[in-house]
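A.B. asks: Below is model.cif; it holds mmCIF, C-alpha atoms.
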```
data_input
loop_
_atom_site.label_atom_id
_atom_site.label_comp_id
_atom_site.auth_asym_id
_atom_site.auth_seq_id
_atom_site.Cartn_x
_atom_site.Cartn_y
_atom_site.Cartn_z
CA MET H 1 89.81 164.32 58.64
CA LYS H 2 90.13 162.87 62.12
CA ASN H 3 89.12 164.98 65.07
CA ALA H 4 91.53 165.91 67.87
CA GLN H 5 89.98 163.46 70.33
CA THR H 6 90.47 160.54 67.92
CA LEU H 7 94.07 161.54 67.23
CA MET H 8 94.75 161.78 70.98
CA ALA H 9 93.26 158.31 71.55
CA LEU H 10 95.36 156.86 68.74
CA SER H 11 98.55 158.48 70.01
CA ASN H 12 97.81 157.03 73.46
CA ILE H 13 97.91 153.56 71.91
CA TYR H 14 101.35 154.26 70.53
CA GLU H 15 102.54 155.69 73.87
CA LEU H 16 101.33 152.53 75.58
CA TYR H 17 103.18 150.43 73.00
CA LYS H 18 106.41 152.42 73.54
CA THR H 19 106.09 152.05 77.30
CA MET H 20 105.65 148.30 76.97
CA GLU H 21 108.64 148.11 74.62
CA ARG H 22 110.79 150.17 77.00
CA ASP H 23 109.79 147.92 79.91
CA HIS H 24 110.42 144.76 77.81
CA THR H 25 106.87 143.54 78.41
CA MET H 26 106.36 139.95 77.27
CA LEU H 27 102.70 139.71 78.24
CA SER H 28 100.17 142.12 79.67
CA PHE H 29 96.59 141.44 80.76
CA LYS H 30 93.86 143.47 82.43
CA GLY H 31 90.54 141.85 83.17
CA VAL H 32 88.81 139.08 85.04
CA VAL H 33 91.03 136.15 86.01
CA THR H 34 89.22 132.91 85.17
CA PRO H 35 90.37 129.28 85.09
CA ASP H 36 90.49 129.45 81.27
CA LEU H 37 92.66 132.56 81.43
CA LEU H 38 95.05 130.85 83.86
CA THR H 39 95.51 128.00 81.40
CA SER H 40 95.96 130.31 78.41
CA VAL H 41 98.47 132.63 80.11
CA LEU H 42 100.53 129.70 81.35
CA GLN H 43 100.60 128.14 77.87
CA ILE H 44 101.60 131.44 76.25
CA MET H 45 104.34 132.09 78.81
CA GLU H 46 105.68 128.54 78.60
CA SER H 47 106.05 128.99 74.85
CA LYS H 48 107.65 132.44 75.19
CA LEU H 49 110.07 131.24 77.87
CA ASN H 50 111.11 128.33 75.66
CA HIS H 51 112.06 130.87 72.96
CA VAL H 52 113.84 133.50 75.08
CA GLU H 53 115.34 131.69 78.07
CA LYS H 54 118.17 129.16 77.83
CA SER H 55 118.34 128.21 81.51
CA ASN H 56 115.83 125.51 82.46
CA LYS H 57 116.22 126.51 86.11
CA THR H 58 115.24 130.12 85.36
CA LYS H 59 112.34 129.00 83.16
CA LYS H 60 111.04 126.83 85.98
CA LYS H 61 111.36 129.64 88.56
CA VAL H 62 109.54 132.15 86.34
CA TYR H 63 106.81 129.66 85.51
CA ASN H 64 106.31 128.66 89.17
CA VAL H 65 106.16 132.28 90.35
CA LEU H 66 103.69 133.05 87.57
CA VAL H 67 101.46 130.14 88.63
CA GLU H 68 101.40 131.42 92.23
CA CYS H 69 100.75 135.02 91.18
CA LEU H 70 97.86 133.97 88.92
CA GLN H 71 96.37 131.83 91.67
CA ASN H 72 96.58 134.79 94.06
CA LEU H 73 94.78 136.98 91.53
CA TYR H 74 92.16 134.30 90.98
CA HIS H 75 91.49 133.61 94.67
CA HIS H 76 92.04 137.00 96.30
CA ASN H 77 90.83 139.72 93.95
CA GLU H 78 87.88 141.54 95.49
CA ASP H 79 84.70 142.22 93.59
CA ILE H 80 84.91 146.00 93.88
CA HIS H 81 81.45 146.70 92.46
CA GLY H 82 78.38 144.77 93.40
CA LYS H 83 75.92 143.69 90.76
CA ASP H 84 73.37 146.11 92.22
CA GLU H 85 75.47 149.06 91.04
CA GLY H 86 74.99 148.12 87.39
CA ILE H 87 78.66 147.32 86.72
CA SER H 88 79.05 144.35 84.42
CA PHE H 89 80.99 141.30 85.63
CA LEU H 90 83.62 142.00 82.99
CA PHE H 91 84.81 145.04 84.95
CA SER H 92 83.80 144.10 88.49
CA LYS H 93 86.72 141.78 89.34
CA SER H 94 89.33 143.27 87.10
CA ALA H 95 93.00 142.57 87.86
CA LEU H 96 96.31 143.35 86.19
CA LEU H 97 99.17 141.03 85.21
CA MET H 98 102.39 141.96 83.41
CA ILE H 99 105.47 139.88 82.73
CA SER H 100 108.68 141.46 81.50
CA LYS H 101 112.25 140.39 80.81
CA ASN H 102 115.17 142.66 81.55
CA ASP H 103 118.85 142.00 80.99
CA ASP H 104 119.44 140.01 84.17
CA HIS H 105 115.98 139.24 85.53
CA TYR H 106 112.29 138.76 84.88
CA GLU H 107 109.50 140.65 86.62
CA VAL H 108 105.97 139.52 87.32
CA LYS H 109 103.74 142.45 88.24
CA THR H 110 100.21 142.08 89.52
CA GLY H 111 97.54 144.46 90.71
CA ASN H 112 94.20 143.73 92.30
CA TYR H 113 91.60 145.21 94.60
CA ILE H 114 91.68 144.38 98.29
CA LEU H 115 89.36 145.36 101.12
CA LYS H 116 90.99 148.00 103.32
CA GLU H 117 90.19 145.83 106.33
CA ASN H 118 92.54 143.16 104.91
CA THR H 119 95.40 145.49 103.96
CA LYS H 120 97.09 145.65 107.37
CA ASN H 121 97.08 141.86 107.79
CA LEU H 122 98.53 141.27 104.30
CA GLN H 123 101.15 143.97 104.81
CA GLY H 124 102.21 142.30 108.06
CA LYS H 125 102.54 138.92 106.32
CA LEU H 126 104.56 140.43 103.47
CA ASP H 127 106.86 142.32 105.84
CA ASN H 128 107.40 139.11 107.83
CA ILE H 129 108.19 137.16 104.63
CA ASN H 130 110.65 139.86 103.51
CA GLU H 131 112.52 139.68 106.83
CA LEU H 132 113.20 135.94 106.58
CA SER H 133 116.26 134.20 105.18
CA LYS H 134 116.01 131.43 102.60
CA ASP H 135 116.15 128.76 105.32
CA GLU H 136 113.59 130.58 107.47
CA LEU H 137 111.24 130.84 104.47
CA ARG H 138 111.53 127.10 103.94
CA GLU H 139 110.68 126.48 107.61
CA LEU H 140 107.72 128.89 107.48
CA TYR H 141 106.46 127.14 104.33
CA LYS H 142 106.66 123.72 106.04
CA ALA H 143 104.99 125.01 109.20
CA THR H 144 102.17 126.64 107.25
CA LEU H 145 101.71 123.51 105.14
CA ASN H 146 101.61 121.30 108.25
CA ASP H 147 99.20 123.68 110.01
CA GLY H 148 96.49 122.59 107.59
CA LYS H 149 94.31 125.69 108.08
CA VAL H 150 92.40 126.76 105.00
CA SER H 151 91.03 130.28 104.58
CA SER H 152 87.47 131.15 103.60
CA LYS H 153 88.74 131.50 100.01
CA GLY H 154 89.99 127.89 100.04
CA THR H 155 93.69 128.69 100.30
CA ALA H 156 96.25 127.87 102.98
CA GLY H 157 98.26 131.11 102.84
CA LEU H 158 101.25 129.54 101.13
CA GLY H 159 101.22 131.63 97.95
CA MET H 160 103.31 134.64 98.99
CA ILE H 161 105.73 132.45 100.94
CA ASP H 162 106.19 130.27 97.87
CA ILE H 163 106.62 133.30 95.59
CA ALA H 164 109.39 134.65 97.83
CA ARG H 165 111.06 131.23 98.01
CA LYS H 166 110.98 130.61 94.28
CA SER H 167 111.95 134.12 93.21
CA GLY H 168 114.86 134.31 95.66
CA ASN H 169 114.14 138.04 96.13
CA LYS H 170 112.24 140.29 98.48
CA LEU H 171 108.65 141.04 97.48
CA GLU H 172 108.10 144.63 96.36
CA TYR H 173 104.59 145.83 97.08
CA SER H 174 102.34 148.78 97.80
CA PHE H 175 98.73 149.45 98.68
CA LEU H 176 97.15 152.39 96.86
CA PRO H 177 93.93 153.87 98.27
CA VAL H 178 90.95 153.58 95.92
CA ASP H 179 88.07 154.71 98.13
CA LYS H 180 86.76 154.26 101.69
CA LYS H 181 86.34 150.51 101.25
CA TYR H 182 89.12 149.36 98.89
CA ASP H 183 92.85 149.59 98.23
CA PHE H 184 94.66 148.46 95.10
CA PHE H 185 97.39 145.94 95.92
CA CYS H 186 100.48 146.19 93.65
CA LEU H 187 103.06 143.40 93.70
CA ASN H 188 106.33 143.23 91.79
CA VAL H 189 108.32 140.00 91.90
CA LYS H 190 111.85 139.92 90.50
CA ILE H 191 113.23 136.57 89.39
CA ASN H 192 116.87 136.01 88.45
#
```
Please express the file's structure as structure tokens.
C.D. replies:
Amino acid sequence: MKNAQTLMALSNIYELYKTMERDHTMLSFKGVVTPDLLTSVLQIMESKLNHVEKSNKTKKKVYNVLVECLQNLYHHNEDIHGKDEGISFLFSKSALLMISKNDDHYEVKTGNYILKENTKNLQGKLDNINELSKDELRELYKATLNDGKVSSKGTAGLGMIDIARKSGNKLEYSFLPVDKKYDFFCLNVKIN
């Protein structure tokens, strides 16, 4: 006979499954974002999109937003635990990615750790992006591209601008406090 703790753990698996079904989750991942993972996720989603989406334009938008979101997770996820604290690499740079399809839109959801000291700057950028029209986003993208500045992480700051442009929607986000040093950055991108 199974003990109560085992039964609870098993029922949690089913609850998670039901939640993912209710939310129409196509793909869900939690872990370290590596170059190999990027390739695998993109191949899986390309195949799934070819089966469920008739519009080539929508497929392209979803795929392009997914590429940008994965690159953001790869380049900007903070290593929340140092190696000195005995946390294995498998859990030290863990991020979350979920892709779902609803009746009239897709959603790409990401979550990753961010240093509190970077939260205010990112929030300002996201608020600025959300205030811009389609034409203003295009101009900001061009200006940022022409600026040529590259961050310490090797990026030019185009990712969120490009996500907003390609999705055609405002970026939904929040920063959840984790501890004194880190927040957890949640991003939801709707694509229709």
A.B. asks: Given all atoms listed in the file as the basis, pick out the residue of H:Thr58, H:Ser174, H:Ser11, H:Thr25 nearest to H:His105.
C.D. replies: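 The closest residue to H:His105 is H:Thr58.
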A.B. asks: Quick one: which residues end up in the PyMOL selection byres ((chain H and resi 69-79) around 10) for this structure, as a PyMOL selection string?
C.D. replies: chain H and resi 32-35+37-39+41-42+63-68+80-83+89+91-97+108-115+153-155+157-160+162-163+182-185+187-189
A.B. asks: Could you tell me how far atom CA of H:Leu140 lies from atom CA of H:Leu49, in Å and to one decimal?
C.D. replies: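 Distance reported for this atom pair: 29.8 Å.
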A.B. asks: Quote the spacing between atom CA of H:Ile13 and atom CA of H:Glu53 in Å to one decimal place.
C.D. replies: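 Interatomic distance here is 28.6 Å.
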A.B. asks: How far is it from atom CA of H:Phe29 to atom CA of H:Gln43, in Å with one decimal?
C.D. replies: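 Those two atoms sit 14.2 Å apart.
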A.B. asks: Would you please work out which residue, of H:Tyr14, H:Tyr173, H:Tyr141, H:Tyr106, is nearest to H:Lys61 when using only C-alpha atoms?
C.D. replies: H:Tyr106
A.B. asks: List the residues selected by the PyMOL selection byres ((chain H and resi 123-137) around 8) in the file shown, writing them as a PDB file with C-alpha atoms, keeping the file's coordinate frame.
C.D. replies:
```
ATOM      1  CA  THR H 119      95.400 145.490 103.960  1.00  0.00           C
ATOM      2  CA  LYS H 120      97.090 145.650 107.370  1.00  0.00           C
ATOM      3  CA  ASN H 121      97.080 141.860 107.790  1.00  0.00           C
ATOM      4  CA  LEU H 122      98.530 141.270 104.300  1.00  0.00           C
ATOM      5  CA  ARG H 138     111.530 127.100 103.940  1.00  0.00           C
ATOM      6  CA  GLU H 139     110.680 126.480 107.610  1.00  0.00           C
ATOM      7  CA  LEU H 140     107.720 128.890 107.480  1.00  0.00           C
ATOM      8  CA  TYR H 141     106.460 127.140 104.330  1.00  0.00           C
ATOM      9  CA  MET H 160     103.310 134.640  98.990  1.00  0.00           C
ATOM     10  CA  ILE H 161     105.730 132.450 100.940  1.00  0.00           C
ATOM     11  CA  ALA H 164     109.390 134.650  97.830  1.00  0.00           C
ATOM     12  CA  ARG H 165     111.060 131.230  98.010  1.00  0.00           C
ATOM     13  CA  GLY H 168     114.860 134.310  95.660  1.00  0.00           C
ATOM     14  CA  LYS H 170     112.240 140.290  98.480  1.00  0.00           C
ATOM     15  CA  LEU H 171     108.650 141.040  97.480  1.00  0.00           C
TER      16      LEU H 171
END
```
A.B. asks: Do you know which residues the PyMOL selection byres ((chain H and resi 99) around 6) returns on this file, as a ChimeraX atom specification?
C.D. replies: /H:25-27,98,100,107-108
